[in-house]
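K.L.:
Take this structure, written in structure tokens, and hold onto it; I'll ask about it next.
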Amino acid sequence: MNAILESSPIIGSFQTHAEAVSAQVLRVASRELALQSVVQLLQQEGVEDKPDFYAVWARCPMVGPDERKMLEAAIPGLKFDVTRELAAAAKVGISQMDWALANTGTLVQSADEVDKRLVSTLPLLHIALVSTAAILPDLAAVLTRVDPRKSAYLSFITGPSRTADIERVLTIGVHGPGRLIIVLVDNLEVAA
Amino acid sequence: MKQEFKQSILDALANPNLAGALGRFSVAYRVSRAKAYEGIDFEAVRTQIADIKSSAATHFDELAETFTRAAEARGAKVFRANSPQAVKDYILKLAQERGVKSIVKSKSMASEEIHLNQHLEKAGIAVRETDLGEWIIQLAHQRPSHMVMPAIHMTKEEVAEVFSETVEPGQMPDIPKLVKFARGKLRPIFLGADMGISGANIAVAETGSLVIITNEGNGRMVTTLPRIHVAIVGLEKLIENFAGIEPILTALPRSATAQLLTSYVSIISGPAPNTDGTPKDLHIILMDNRRNEMAHDPRFKPALQCIRCASCLNVCPVFRLVGGHVFGKVYTGGIGTILTAWFGALKESDEIQSLCIQCGNCKEVCPGKIDIPDLILELRRRLAVEQGQPMVQKAIFSVVNNRRMFHAMLRAASLGQKPFASQGFIRHLPLFLSSMTDFRSLPAIAEEPFRDRIKKIKQPKCAEKAAFFGGCLVDFAYPEMGEAVVRVLNKAGIEVTFPEAQTCCGAPARYSGAYEVAAQNGADNIHALLSEDVNYVVSACPTCTVALKQDFIANLEAVGRSDELPAARRLAEKVVDFSTLVSQLLEQGRLKFKEGIDGGKFTYHDSCHFKRTLHADQAPRKLMKQAGYELVEMQESDMCCGMGGSYTLKLPELSAPILERKLVNIEQAGAPLVLIDCPGCVMQIRGGLDKRGSNIKVEHTAQRLAESLQ
């Protein structure tokens with residue numbers, strides 16, 4: 001699938017840096033294909049309609065009411081009305097990020113709505129969707145675009161949760177997700 | 001130095017886990033930090049940070065007001081507290097009013113600084129640290145040994161033992177399992193907590209924003225899950241503008257852990273919704289605790305440029321041996337010594353300041369551009385003023401300053417120890433002096449000091465003259481280095497004089513905090529060296545060169561002798577180190593190398609002041625390669641050799657293992673010759689190699705140059 005998509009230095013740089021911090025990066029050509037690949041991933045992960053096996057999906061522009069119905073039907077155990085209890089009992093969290101930063105492999109999200117924070121904090125696997133067109137070069141570029149007067153909680157995520165607190169040995173997945181899968185989506189409208 | 005303190009150093013040195021973990025980390029850190037900064041202009045970034053934070057420190061009150069207005073307009077409550085007690089009272093009262101029973105914390109040095117946990121626990125509130133390292137430390141009832149890696153001194157076996165004893169029996173020393181265990185045990189505590197307490201890495205005044213950086217994700221949980229969030233923010237975290245986040249976020253993760261960015265960065269600007277839809281009950285405490293007072297002290301104001309990355313710990317040759325616990329307080333390492341003196345009391349830094357060997361590594365990597373060694377010297381100076389100099393030290397300075405008497409005494413001592421000297425070395429000294437020769441031989445004192453030997457050298461009459469500043473080691477132990485300097489300069493048509501009235505460069509006094517003595521040394525030398533009409537003032541000792549070029553001025557300024565500054569500056573302009581002068585003379589065609597020399601391999605040791613103060617480290621390498629030698633770089637060539645002037649006398653326990661590491665690096669380089677531009681380092685390294693029975697030769701660059709030039 002990736003072969004037919006045109007590459008660019010900024011996309012390549014993002015992928016390299018994200019993979020360097022143990023994130024997994026996929027790229028798809030459209031919104032429909034993105035939703036399809038999430039369905040596949042959730043099936044692979046064994047998401048089920050029982051505690052510890054749920055998937056929680058934070059509200060996002062990519063998923064309208066029709067898609068939501070389709071997705072709920074495809075994956076039993078996938079929840080869109082995210083609560084703290086559901087997120088705590090979920091295996092997978094899914095959310096759409098607003099920007100990505102090429103030179104650090106970072107995802108950026110205005111995350112005032114608490115479901116956005118819950119799905120990328122509590123489950124073991126976080127699947128992050130982001131528009132390929134929303135990849136910015138660096139921190140400086142995103143800091144001029146975000147407005148702290150409008151966003152009470154800005155989240156920057158660079159790879160999965162990690163620690164090296166015991167004997168300096170890098171260990172992935174402490175309090176946050178132990179895995180991060182980033183789906184780059186082409187031909188998606190960019191957040192303003 | 002108190003016996004207790006010495007004992008804590010010995011205990012730390014005897015702890016193999018500590019030395020192993022920190023030693024390995026310090027080697028890896030150097031490489032990974034450099035990689036993390038690839039493509040980034042570090043000097044530009046740190047200049048930006050220093051400017052932003054220095055300007056903030058000038059306007060703490062204004063910024064705190066702006067921050068308060070902006071954060072409160074967005075719905076946060078801001079409390080400004082001067083004292084640790086006020087912070088503790090505020091949080092306890094808030095917790096009691098809101099019926100808080102359980103608190104989760106993400107890492108906050110400010111909360112450690114005021115011993116918050118104990119205060120809340122005494123009132124019956126459960127407080128859990130959630131950063132893995134901090135949690136381990138809390139369970140083990142220890143103190144963090146490193147600002148960024150609090151439990152770096154513990155092995156996985158110790159961690160498993162702590163978990164087994166305090167949480168659940170039967171934990172195995174397997175790191176992924178221990179991490180998973182911590183996740184499982186802390187998760188319900190996160191979900192059940194009523195209040196989250198965090199620090200902040202940056203506080204932006206114009207927007208009322210807090211920037212919180214973590215890797216584990218506990219920062220996001222502490223600020224998201226409980227309904228109340230309290231952030232404790234030291235005033236030094238304030239910056240004026242939102243754009244100022246960029247350079248700090250660029251440097252902090254790179255300098256702290258060699259990451260391009262930490263896994264999580266949260267920028268919180270006012271209360272965001274809780275999981276039940278209510279707005280967060282957000283309290284931000286701006287804590288002073290002497291930060292404002294520090295901002296008004298022109299010498300110490302730069303310390304407020306610190307972004308708490310702990311890189312000064314990671315590059316410190318002493319810290320990697322002893323770790324953080326010998327510092328006895330919350331803040332450790334170079335910057336920690338300064339913060340302890342301020343946030344605690346000056347006298348609390350009395351012993352720990354002596355750990356600094358003044359190598360200058362930390363100054364080079366500090367992203368806040370803080371001259372940490374200089375601030376430690378200033379602590380030393382203030383301590384000496386406050387407590388007076390020890391009697392013994394006073395007596396020593398009075399001898400050191402009288403050169404004839406000093407040499408006579410050294411000579412007498414060396415004759416007295418004649419049975420111990422052979423082939424130019426003293427290998428064993430008796431009784432209490434034995435610690436000086438335990439790990440390295442000492443040079444025998446020259447029969448005739450250089451000041452007498454130079455009179456016997458037949459020099460050509462030249463148009464140009466250079467005054468030679470000997471310094472104690474060249475004058476009394478290594479006159480042959482001085483003779484090499486004379487030979488080389490004569491070849492270039494420069495006559496060398498030795499102004500007789502020159503005395504100690506003042507470095508021993510300065511580095512002991514005795515600035516009045518150091519200033520007088522400077523004044524005497526300025527008078528002596530300016531009394532002759534010379535083109536250059538040359539020294540073969542970098543510490544002396546730095547004294548002549550910079551410290552005389554600084555010492556006179558420090559004691560208010562400003563009328564002598566113009567003369568000090570006139571002298572400084574004439575001063576040049578030997579290798580740099582030779583490079584210039586070669587460029588001018590006044591010196592030429594002999595043809596066809598195959599000198600073989602050599603390795604080069606960078607002396608601290610030579611590289612980091614004089615920035616002359618490339619000159620000798622280039623010269624010797626031109627001369628026909630092949631350079632083989634050793635590992636950590638610019639790491640201190642452990643000499644540090646009087647440091648090796650005061651703390652031989654630390655000087656020895658620092659030297660040990662240097663010797664191993666030298667031996668691994670595999671060259672038969674080490675060249676050095678500092679007689680102090682020659683003494684340390686030559687003596688160390690002699691003790692090991694090594695055949696590797698150690699020489700001052702001047703000596704090889706004298707042989708290599710036409």
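Chain labels run A, B, ... following the order of the structure tokens; each chain numbers its residues from 1, and ligands are numbered from 1 in the order shown.
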Using only C-alpha atoms, select each residue of chain B with any atom at most 8 Å away from an atom of chain A, and give the selection as a PyMOL selection string.
P.N.:
chain B and resi 21+25+132-133+149-156+159+175-176+179-180+182-183+187+207+209+215-218+220-221+224+242-243+246+260-275
K.L.:
Write out as a PyMOL selection string the residues lying within 8 Å of Ala509 of chain B, counting only C-alpha atoms and excluding same-chain residues fewer than 4 positions away.
P.N.:
chain B and resi 397+513-515+517-518
K.L.:
Write out, as a PDB file, in the first residue's frame, the residues just selected, with N, CA, C and O atoms.
P.N.:
ATOM      1  N   PHE B 397      49.790  29.298  53.392  1.00  0.00           N
ATOM      2  CA  PHE B 397      49.874  30.389  52.425  1.00  0.00           C
ATOM      3  C   PHE B 397      51.067  31.301  52.703  1.00  0.00           C
ATOM      4  O   PHE B 397      51.714  31.787  51.800  1.00  0.00           O
ATOM      5  N   GLY B 513      39.171  29.723  48.526  1.00  0.00           N
ATOM      6  CA  GLY B 513      38.271  30.787  48.964  1.00  0.00           C
ATOM      7  C   GLY B 513      38.980  31.931  49.651  1.00  0.00           C
ATOM      8  O   GLY B 513      38.343  32.857  50.144  1.00  0.00           O
ATOM      9  N   ALA B 514      40.339  31.881  49.691  1.00  0.00           N
ATOM     10  CA  ALA B 514      41.095  32.928  50.381  1.00  0.00           C
ATOM     11  C   ALA B 514      41.435  34.032  49.382  1.00  0.00           C
ATOM     12  O   ALA B 514      42.573  34.169  48.929  1.00  0.00           O
ATOM     13  N   TYR B 515      40.446  34.841  49.042  1.00  0.00           N
ATOM     14  CA  TYR B 515      40.605  35.817  47.957  1.00  0.00           C
ATOM     15  C   TYR B 515      41.552  36.954  48.306  1.00  0.00           C
ATOM     16  O   TYR B 515      42.202  37.498  47.428  1.00  0.00           O
ATOM     17  N   VAL B 517      44.301  36.745  50.043  1.00  0.00           N
ATOM     18  CA  VAL B 517      45.637  36.209  49.772  1.00  0.00           C
ATOM     19  C   VAL B 517      45.874  36.149  48.262  1.00  0.00           C
ATOM     20  O   VAL B 517      46.910  36.588  47.755  1.00  0.00           O
ATOM     21  N   ALA B 518      44.869  35.617  47.537  1.00  0.00           N
ATOM     22  CA  ALA B 518      45.004  35.473  46.081  1.00  0.00           C
ATOM     23  C   ALA B 518      45.199  36.841  45.426  1.00  0.00           C
ATOM     24  O   ALA B 518      46.014  36.992  44.511  1.00  0.00           O
TER      25      ALA B 518
END
K.L.:
Quick one, how far is atom CA of Phe593 of chain B from atom CA of Val486 of chain B?
P.N.:
16.4 Å
K.L.:
Would you please extract all strand (DSSP E or B) residues from segment 526-685 of chain B, as assigned by DSSP on the backbone, and give them as a PyMOL selection string?
P.N.:
chain B and resi 536-539+575-577+593+600-605+629-631+673-676
K.L.:
For Val664 of chain B, work out the shell of residues within 10 Å, counting only C-alpha atoms and skipping chain neighbours fewer than 3 positions away, then give it as a list in words.
P.N.:
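Skipping anything fewer than 3 positions along the chain leaves Met634, Gln635, Leu659, Glu660, Arg661, Glu667, Gln668, Ala669 and Leu689 of chain B.
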K.L.:
Pick the closest to Tyr37 of chain B from B:His407, B:Arg254, B:Lys2, B:Arg590: which is it, counting only C-alpha atoms?
P.N.:
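Under the stated criterion, the closest residue is B:Arg254.
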K.L.:
Find the spatial neighbours of Ala128 of chain A, counting only C-alpha atoms, within a cut-off of 7 Å - ignore same-chain residues fewer than 6 positions away - and output them as a list in words.
P.N.:
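Listed by chain and then number, they are Ile94, Ser95, Gln96, Met97, Ile181, Ile182 and Val183 of chain A.
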K.L.:
Deliver the residues from the most recent selection as a file, using all heavy atoms, as a JSON list (two decimals), in the first residue's frame.
P.N.:
[["chain", "number", "residue", "atom", "x", "y", "z"],
["A", 94, "ILE", "N", -7.94, 4.67, 20.84],
["A", 94, "ILE", "CA", -7.74, 5.23, 19.49],
["A", 94, "ILE", "C", -8.09, 6.71, 19.53],
["A", 94, "ILE", "O", -9.09, 7.11, 20.15],
["A", 94, "ILE", "CB", -8.67, 4.54, 18.46],
["A", 94, "ILE", "CG1", -8.48, 3.01, 18.52],
["A", 94, "ILE", "CG2", -8.39, 5.04, 17.04],
["A", 94, "ILE", "CD1", -9.78, 2.27, 18.63],
["A", 95, "SER", "N", -7.25, 7.52, 18.90],
["A", 95, "SER", "CA", -7.59, 8.95, 18.82],
["A", 95, "SER", "C", -6.95, 9.57, 17.60],
["A", 95, "SER", "O", -6.00, 9.03, 17.04],
["A", 95, "SER", "CB", -7.15, 9.67, 20.09],
["A", 95, "SER", "OG", -5.75, 9.54, 20.28],
["A", 96, "GLN", "N", -7.50, 10.70, 17.21],
["A", 96, "GLN", "CA", -6.93, 11.43, 16.09],
["A", 96, "GLN", "C", -6.11, 12.60, 16.63],
["A", 96, "GLN", "O", -6.57, 13.34, 17.50],
["A", 96, "GLN", "CB", -8.05, 11.96, 15.18],
["A", 96, "GLN", "CG", -7.51, 12.67, 13.95],
["A", 96, "GLN", "CD", -8.62, 13.19, 13.04],
["A", 96, "GLN", "OE1", -9.80, 12.86, 13.20],
["A", 96, "GLN", "NE2", -8.24, 14.00, 12.05],
["A", 97, "MET", "N", -4.90, 12.73, 16.12],
["A", 97, "MET", "CA", -4.03, 13.81, 16.60],
["A", 97, "MET", "C", -4.10, 14.99, 15.63],
["A", 97, "MET", "O", -4.45, 14.82, 14.46],
["A", 97, "MET", "CB", -2.59, 13.31, 16.73],
["A", 97, "MET", "CG", -2.42, 11.99, 17.50],
["A", 97, "MET", "SD", -3.07, 12.00, 19.19],
["A", 97, "MET", "CE", -1.76, 12.89, 20.03],
["A", 181, "ILE", "N", 0.91, 2.84, 17.84],
["A", 181, "ILE", "CA", 0.86, 2.65, 16.39],
["A", 181, "ILE", "C", 0.32, 3.94, 15.78],
["A", 181, "ILE", "O", -0.75, 4.42, 16.16],
["A", 181, "ILE", "CB", -0.06, 1.46, 16.00],
["A", 181, "ILE", "CG1", 0.48, 0.16, 16.63],
["A", 181, "ILE", "CG2", -0.16, 1.33, 14.48],
["A", 181, "ILE", "CD1", -0.40, -1.06, 16.36],
["A", 182, "ILE", "N", 1.09, 4.51, 14.87],
["A", 182, "ILE", "CA", 0.69, 5.76, 14.23],
["A", 182, "ILE", "C", 0.21, 5.45, 12.81],
["A", 182, "ILE", "O", 0.93, 4.82, 12.03],
["A", 182, "ILE", "CB", 1.87, 6.76, 14.18],
["A", 182, "ILE", "CG1", 2.37, 7.05, 15.60],
["A", 182, "ILE", "CG2", 1.45, 8.05, 13.48],
["A", 182, "ILE", "CD1", 3.71, 7.78, 15.64],
["A", 183, "VAL", "N", -1.01, 5.87, 12.49],
["A", 183, "VAL", "CA", -1.51, 5.69, 11.13],
["A", 183, "VAL", "C", -1.52, 7.05, 10.44],
["A", 183, "VAL", "O", -2.29, 7.94, 10.83],
["A", 183, "VAL", "CB", -2.93, 5.07, 11.14],
["A", 183, "VAL", "CG1", -3.40, 4.81, 9.71],
["A", 183, "VAL", "CG2", -2.97, 3.79, 11.96]]
K.L.:
Running DSSP on the backbone, which parts of segment 40-161 of chain A land in helix (DSSP H, G or I), as an NGL selection string?
P.N.:
:A and (40-44 or 65-74 or 84-88 or 114-119 or 132-134 or 139-143)
K.L.:
Given only C-alpha atoms as the basis, pick out the residue of B:Arg46, B:His119, B:Lys456, B:Lys237 nearest to Phe67 of chain B.
P.N.:
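Distance minimum relative to Phe67 of chain B lands on B:Lys237.
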K.L.:
Which residues come within 12 Å of Ser37 of chain A, counting only C-alpha atoms, excluding same-chain residues fewer than 2 positions away, as a ChimeraX atom specification?
P.N.:
/A:1,26-35,39-44,71,127-129,181-185
K.L.:
Contacts of Tyr536 of chain B at 8 Å or less, counting only C-alpha atoms, minus same-chain residues fewer than 3 places along, as a list in words?
P.N.:
Lys465, Ala466, Ala467, Lys574, Val575 and Val576 of chain B
K.L.:
One number please: atom CA of Ile597 of chain B to atom CA of Val474 of chain B, in Å, one decimal.
P.N.:
27.4 Å
K.L.:
Which residues are close to Pro460 of chain B, i.e. within 9 Å by only C-alpha atoms, leaving aside same-chain residues fewer than 4 positions away? Reply as a list in words.
P.N.:
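Non-adjacent residues within range: Asn490, Gly493, Ile494 and Glu495 of chain B.
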K.L.:
Can I get the selected residues back with N, CA and C atoms, as a CSV table (one decimal), in the first residue's frame?
P.N.:
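out_36.csv was written with the following content:
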chain,number,residue,atom,x,y,z
B,490,ASN,N,64.4,30.8,22.4
B,490,ASN,CA,65.7,31.3,21.9
B,490,ASN,C,65.8,31.0,20.4
B,493,GLY,N,64.3,33.5,18.3
B,493,GLY,CA,64.9,34.9,18.5
B,493,GLY,C,64.2,35.6,19.6
B,494,ILE,N,63.8,34.9,20.7
B,494,ILE,CA,63.2,35.6,21.8
B,494,ILE,C,64.1,35.2,23.1
B,495,GLU,N,64.5,36.3,23.8
B,495,GLU,CA,65.2,36.1,25.0
B,495,GLU,C,64.3,35.9,26.2
K.L.:
Could you tell me how far atom CA of Trp342 of chain B sits from atom CA of Met294 of chain B, in Å to one decimal place?
P.N.:
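Calculated distance between atom CA of Met294 of chain B and atom CA of Trp342 of chain B is 7.5 Å.
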